[in-house]
Each structure stands twice: as structure tokens, then as C-alpha cells.
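Trainee: I'm passing along start-v5.cif; it holds mmCIF, C-alpha atoms.
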data_data
loop_
_atom_site.label_atom_id
_atom_site.label_comp_id
_atom_site.auth_asym_id
_atom_site.auth_seq_id
_atom_site.Cartn_x
_atom_site.Cartn_y
_atom_site.Cartn_z
CA LEU W 1 7.08 -1.81 2.72
CA PRO W 2 8.11 0.88 5.21
CA ASN W 3 8.36 4.54 4.21
CA VAL W 4 6.12 4.52 1.14
CA GLY W 5 3.46 6.95 2.36
CA LYS W 6 0.81 4.70 3.92
CA SER W 7 0.26 7.00 6.91
CA THR W 8 0.22 10.10 4.74
CA LEU W 9 -2.42 8.50 2.53
CA LEU W 10 -4.54 7.69 5.59
CA SER W 11 -4.24 11.30 6.79
CA ILE W 12 -5.41 12.58 3.39
CA LEU W 13 -8.39 10.25 3.16
CA SER W 14 -9.61 10.57 6.74
CA ALA W 15 -9.46 12.69 9.88
CA ALA W 16 -6.83 10.35 11.34
CA ARG W 17 -3.55 11.99 12.31
CA PRO W 18 -0.94 9.22 12.43
CA LYS W 19 2.69 9.99 13.08
CA ILE W 20 4.35 10.84 9.76
CA ALA W 21 8.10 11.09 9.30
CA ASN W 22 10.67 10.41 6.60
CA TYR W 23 12.24 7.31 8.08
CA PRO W 24 11.35 3.61 8.01
CA PHE W 25 9.08 2.13 10.67
CA THR W 26 7.55 5.41 11.84
CA THR W 27 4.28 3.49 12.21
CA LEU W 28 4.62 1.03 15.06
CA GLU W 29 0.94 0.17 15.49
CA PRO W 30 -2.07 0.15 13.17
CA ASN W 31 -3.88 3.46 12.70
CA LEU W 32 -7.55 3.62 11.78
CA GLY W 33 -9.47 6.33 9.98
CA VAL W 34 -12.90 6.68 8.39
CA ALA W 35 -12.92 7.82 4.78
CA ASP W 36 -15.88 9.21 2.91
CA LEU W 37 -15.78 7.61 -0.54
CA MET W 38 -18.48 9.37 -2.53
CA GLY W 39 -20.91 9.17 0.40
CA LYS W 40 -19.94 5.68 1.58
CA LYS W 41 -18.10 5.55 4.91
CA VAL W 42 -15.20 3.11 4.85
CA VAL W 43 -12.83 2.25 7.70
CA LEU W 44 -9.21 2.32 6.60
CA ALA W 45 -6.33 0.73 8.49
CA ASP W 46 -2.73 1.85 8.08
CA ILE W 47 -0.68 -1.23 8.88
CA PRO W 48 3.03 -0.87 9.68
CA GLY W 49 5.35 -1.83 6.84
CA LEU W 50 6.18 -5.48 6.38
CA ILE W 51 9.66 -6.79 5.80
CA GLU W 52 10.89 -10.08 4.45
CA GLY W 53 10.36 -12.70 7.16
CA ALA W 54 7.36 -10.88 8.70
CA SER W 55 5.23 -14.01 8.36
CA GLU W 56 7.77 -15.80 10.56
CA GLY W 57 7.71 -13.06 13.19
CA LYS W 58 10.54 -10.83 11.94
CA GLY W 59 10.12 -7.19 12.79
CA LEU W 60 6.58 -6.50 13.94
CA GLY W 61 5.34 -9.14 11.47
CA THR W 62 2.64 -11.48 12.68
CA GLN W 63 1.09 -9.12 15.20
CA PHE W 64 0.09 -6.86 12.29
CA LEU W 65 -0.60 -9.47 9.66
CA ARG W 66 -3.55 -10.66 11.76
CA HIS W 67 -5.20 -7.23 11.29
CA ILE W 68 -5.13 -7.81 7.54
CA GLU W 69 -7.32 -10.90 7.97
CA ARG W 70 -10.30 -8.65 8.80
CA SER W 71 -9.78 -6.40 5.78
CA ARG W 72 -11.97 -6.65 2.68
CA VAL W 73 -9.50 -4.94 0.36
CA LEU W 74 -5.74 -4.50 0.50
CA VAL W 75 -4.19 -1.29 -0.82
CA HIS W 76 -0.59 -2.04 -1.66
CA VAL W 77 1.47 1.16 -1.67
CA LEU W 78 4.70 1.30 -3.68
CA ALA W 79 7.17 4.18 -3.86
CA GLY W 80 10.47 4.48 -5.66
CA GLU W 81 11.94 5.05 -9.07
CA GLU W 82 13.33 1.69 -10.15
CA ALA W 83 10.66 -0.57 -11.66
CA GLU W 84 12.57 -3.78 -10.97
CA GLN W 85 12.98 -2.88 -7.29
CA LEU W 86 9.32 -1.93 -6.99
CA TYR W 87 8.43 -5.31 -8.45
CA ARG W 88 10.69 -7.08 -5.95
CA ASP W 89 9.15 -5.03 -3.12
CA TYR W 90 5.67 -6.00 -4.26
CA LYS W 91 6.60 -9.68 -4.55
CA THR W 92 8.21 -9.60 -1.08
CA VAL W 93 5.03 -8.35 0.57
CA ARG W 94 2.81 -10.67 -1.50
CA GLY W 95 5.06 -13.57 -0.47
CA GLU W 96 4.75 -12.66 3.20
CA LEU W 97 0.96 -12.52 2.87
CA LYS W 98 0.90 -15.96 1.27
CA GLN W 99 3.24 -17.48 3.85
CA TYR W 100 1.16 -16.02 6.66
CA GLY W 101 -1.90 -17.92 5.46
CA GLY W 102 -5.47 -17.17 6.42
CA GLN W 103 -6.31 -16.55 2.76
CA VAL W 104 -5.10 -12.93 3.00
CA GLU W 105 -3.23 -13.34 -0.29
CA VAL W 106 -6.51 -13.80 -2.20
CA LYS W 107 -8.20 -10.63 -0.98
CA LYS W 108 -9.09 -7.93 -3.48
CA GLU W 109 -6.18 -5.57 -4.00
CA LEU W 110 -5.48 -2.14 -5.38
CA VAL W 111 -1.83 -1.30 -6.13
CA ILE W 112 -0.77 2.33 -6.12
CA LEU W 113 2.48 4.05 -7.00
CA ASN W 114 2.88 6.91 -4.54
CA LYS W 115 5.28 9.85 -4.53
CA THR W 116 4.96 10.32 -8.29
CA ASP W 117 5.59 14.04 -7.79
CA LEU W 118 9.22 13.07 -7.14
CA LEU W 119 9.50 11.37 -10.56
CA ASP W 120 9.24 12.71 -14.08
CA GLY W 121 6.28 11.59 -16.17
CA GLU W 122 8.40 9.40 -18.41
CA LYS W 123 9.74 7.45 -15.43
CA VAL W 124 6.21 6.95 -14.07
CA GLY W 125 5.10 5.66 -17.48
CA LYS W 126 8.00 3.22 -17.64
CA ILE W 127 7.19 1.88 -14.16
CA ILE W 128 3.52 1.41 -15.04
CA LYS W 129 4.41 -0.40 -18.27
CA PHE W 130 6.98 -2.63 -16.55
CA LEU W 131 4.51 -3.65 -13.85
CA ALA W 132 1.74 -4.17 -16.41
CA LYS W 133 4.00 -6.69 -18.18
CA LYS W 134 4.18 -8.51 -14.83
CA LYS W 135 0.35 -8.47 -14.69
CA ILE W 136 0.25 -5.81 -11.96
CA GLY W 137 -2.06 -2.90 -12.63
CA VAL W 138 -0.89 0.19 -10.78
CA LEU W 139 -2.53 3.55 -10.17
CA PRO W 140 -0.13 6.52 -9.92
CA ILE W 141 -0.82 9.00 -7.12
CA SER W 142 0.95 11.66 -5.13
CA CYS W 143 0.05 12.32 -1.53
CA GLY W 144 2.26 15.41 -1.78
CA THR W 145 0.29 17.08 -4.59
CA LEU W 146 -2.94 15.03 -4.30
CA ALA W 147 -2.60 14.00 -7.95
CA GLY W 148 -4.62 10.85 -8.62
CA ILE W 149 -6.30 10.82 -5.20
CA GLU W 150 -9.85 11.28 -6.54
CA LEU W 151 -9.36 8.46 -9.06
CA PHE W 152 -7.91 6.31 -6.29
CA LYS W 153 -11.04 6.92 -4.17
CA LYS W 154 -13.28 5.90 -7.09
CA GLU W 155 -11.27 2.74 -7.74
CA LEU W 156 -11.28 1.83 -4.05
CA LEU W 157 -15.03 2.38 -3.85
CA LEU W 158 -15.52 -0.18 -6.63
CA LEU W 159 -13.75 -2.80 -4.51
CA VAL W 160 -15.34 -2.24 -1.08
#
Give the structure from the file, written as C-alpha cells.
Mentor:
Amino acid sequence: LPNVGKSTLLSILSAARPKIANYPFTTLEPNLGVADLMGKKVVLADIPGLIEGASEGKGLGTQFLRHIERSRVLVHVLAGEEAEQLYRDYKTVRGELKQYGGQVEVKKELVILNKTDLLDGEKVGKIIKFLAKKKIGVLPISCGTLAGIELFKKELLLLV
């Protein structure tokens, strides 16, 4: 969804310098960057946030969903402090991917919980446990402090 730190993550992993601001829909077009994952060069794409109805053309919807078709792996970025809302956010985006078609919903996926520096450790643990019960494995990171970034790179490398 918008405003979860996708562009910040791209800027940390690559030399790309996308526009970053603390408001929804800062990213209006895809941004590309090349990341070095333990010696393997990988092209990353920061796709603007999707909203409910994107697969039907709402917002910037379908013009960005087509970029996802060419991706090998999807990194789903979540941010927030309420586990139930994060689950709904995740399901909203997954639903839009499925409705769009093109088999994008079956691509390999890595789910990350960003902005963990804004939460206490207990809250992060509760979110991870809640999502695990829903069969969603999530990797906690913080683009602000870089916590978890190296593990994220290793996990991503396993999928590409």
C-alpha cells in the first residue's frame, strides 16, 4: 500500500534516488535500481502503492500492475502497528494481484514489516505471531535504522 517505505527501501539497496516523502502516493511512476546482493546484481522496481480497485483501474492501478508481470519475485512491504489492519492491507493487495490476472498472484513473494524502529519489540513480536497464524511469514526490518536489512538481502537472494 502507499506510504510503507518502498522507495526508501529501494534507495537503501541501490543507487536509485526516488522521491521520498511522508505522504501517500509520493511515487507516481515505477523507479528502478540495481542492488548488489552478495555479488549478484539484481534489478529492483519500486512500484507505486496499490489501492483497493487498482485491478479495475482505480488510482494508478493497471498501468503499474503490468510492470509486476515481468518481476520474478514480489516484495510485499507492510508498515503499521495493528496486526489485523496489516493483514487486511496484505489481503487487499493480494486480492488486487489475483483480480488483475496474468498469474502475478503466484509469483514468489517475500513479506517484510518495515518501520519496526517505530514499534516496541513486543508489538513487533505480536504482529509476526498474528501473521504467522494466517500463514504469512514476515521479516521485520527498519529502513530508518537498517535493522534486518542484511537478512532481508540474504532472503531475497534465495528467491531470485
Trainee: Translate the PyMOL selection byres ((chain W and resi 105-122) around 6) into a concrete residue list for this structure, as a short mmCIF file (atom, residue, chain, number, x, y, z; two decimals) with C-alpha atoms, keeping the file's coordinate frame.
Mentor:
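After the write, out-v5.cif holds the following:
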data_model
loop_
_atom_site.label_atom_id
_atom_site.label_comp_id
_atom_site.auth_asym_id
_atom_site.auth_seq_id
_atom_site.Cartn_x
_atom_site.Cartn_y
_atom_site.Cartn_z
CA VAL W 73 -9.50 -4.94 0.36
CA LEU W 74 -5.74 -4.50 0.50
CA VAL W 75 -4.19 -1.29 -0.82
CA HIS W 76 -0.59 -2.04 -1.66
CA VAL W 77 1.47 1.16 -1.67
CA LEU W 78 4.70 1.30 -3.68
CA ALA W 79 7.17 4.18 -3.86
CA LEU W 97 0.96 -12.52 2.87
CA LYS W 98 0.90 -15.96 1.27
CA GLN W 103 -6.31 -16.55 2.76
CA VAL W 104 -5.10 -12.93 3.00
CA LYS W 123 9.74 7.45 -15.43
CA VAL W 124 6.21 6.95 -14.07
CA GLY W 125 5.10 5.66 -17.48
CA VAL W 138 -0.89 0.19 -10.78
CA LEU W 139 -2.53 3.55 -10.17
CA PRO W 140 -0.13 6.52 -9.92
CA ILE W 141 -0.82 9.00 -7.12
CA SER W 142 0.95 11.66 -5.13
#
Trainee: Just so the selection is clear, what residues does the PyMOL selection byres ((chain W and resi 131) around 12) cover here, as a PyMOL selection string?
Mentor: chain W and resi 78+82-91+111-113+124-130+132-140
Trainee: Given the file above and the PyMOL selection byres ((chain W and resi 160) around 7), which residues are selected, and can you give them as JSON, numbers by chain?
Mentor: {"W": [72, 73, 156, 157, 158, 159]}
Trainee: Box in all listed atoms of stretch 79-97 of chain W, axis-aligned, with 4 Å more on each side; write out centre and edge lengths in Å to one decimal as lines of an AutoDock Vina configuration file.
Mentor:
center_x = 7.1
center_y = -4.3
center_z = -4.2
size_x = 20.4
size_y = 26.6
size_z = 22.9
Trainee: Can you work out the spacing between atom CA of W:Gly148 and atom CA of W:Val34 in Å, to one decimal?
Mentor: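 Separation between atom CA of W:Gly148 and atom CA of W:Val34: 19.4 Å.
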Trainee: Just how far from atom CA of W:Asp46 is atom CA of W:Leu151, in Å to one decimal?
Mentor: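 Separation between atom CA of W:Leu151 and atom CA of W:Asp46: 19.5 Å.
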Trainee: Of the candidates W:Ala147, W:Ile68, W:Leu37, W:Leu44, which shows the shortest atom-to-atom distance to W:Ser7, using all atoms listed in the file?
Mentor: W:Leu44
Trainee: Expressed in Å to a single decimal, how great is the separation between atom CA of W:Ser71 and atom CA of W:Thr145?
Mentor: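 Here the two named atoms are 27.6 Å from each other.
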Trainee: Using only C-alpha atoms, which of the listed residues (W:Arg70, W:Lys40, W:Lys153, W:Arg94) sits closest to W:Leu9?
Mentor: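 Of all the options, W:Lys153 lies closest to W:Leu9.
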Trainee: Go through W:Cys143, W:Ala15, W:Leu10, W:Leu32 one by one, measure the shortest atom-to-atom distance of each to W:His67 using all atoms listed in the file, and give the residue with the smallest value.
Mentor: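 Answer, going by the shortest atom-to-atom distance: W:Leu32.
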Trainee: Which residue gives the smallest distance to W:Ala35 among W:Glu69, W:Ile12, W:Ile149, W:Tyr100, with only C-alpha atoms counted?
Mentor: W:Ile12
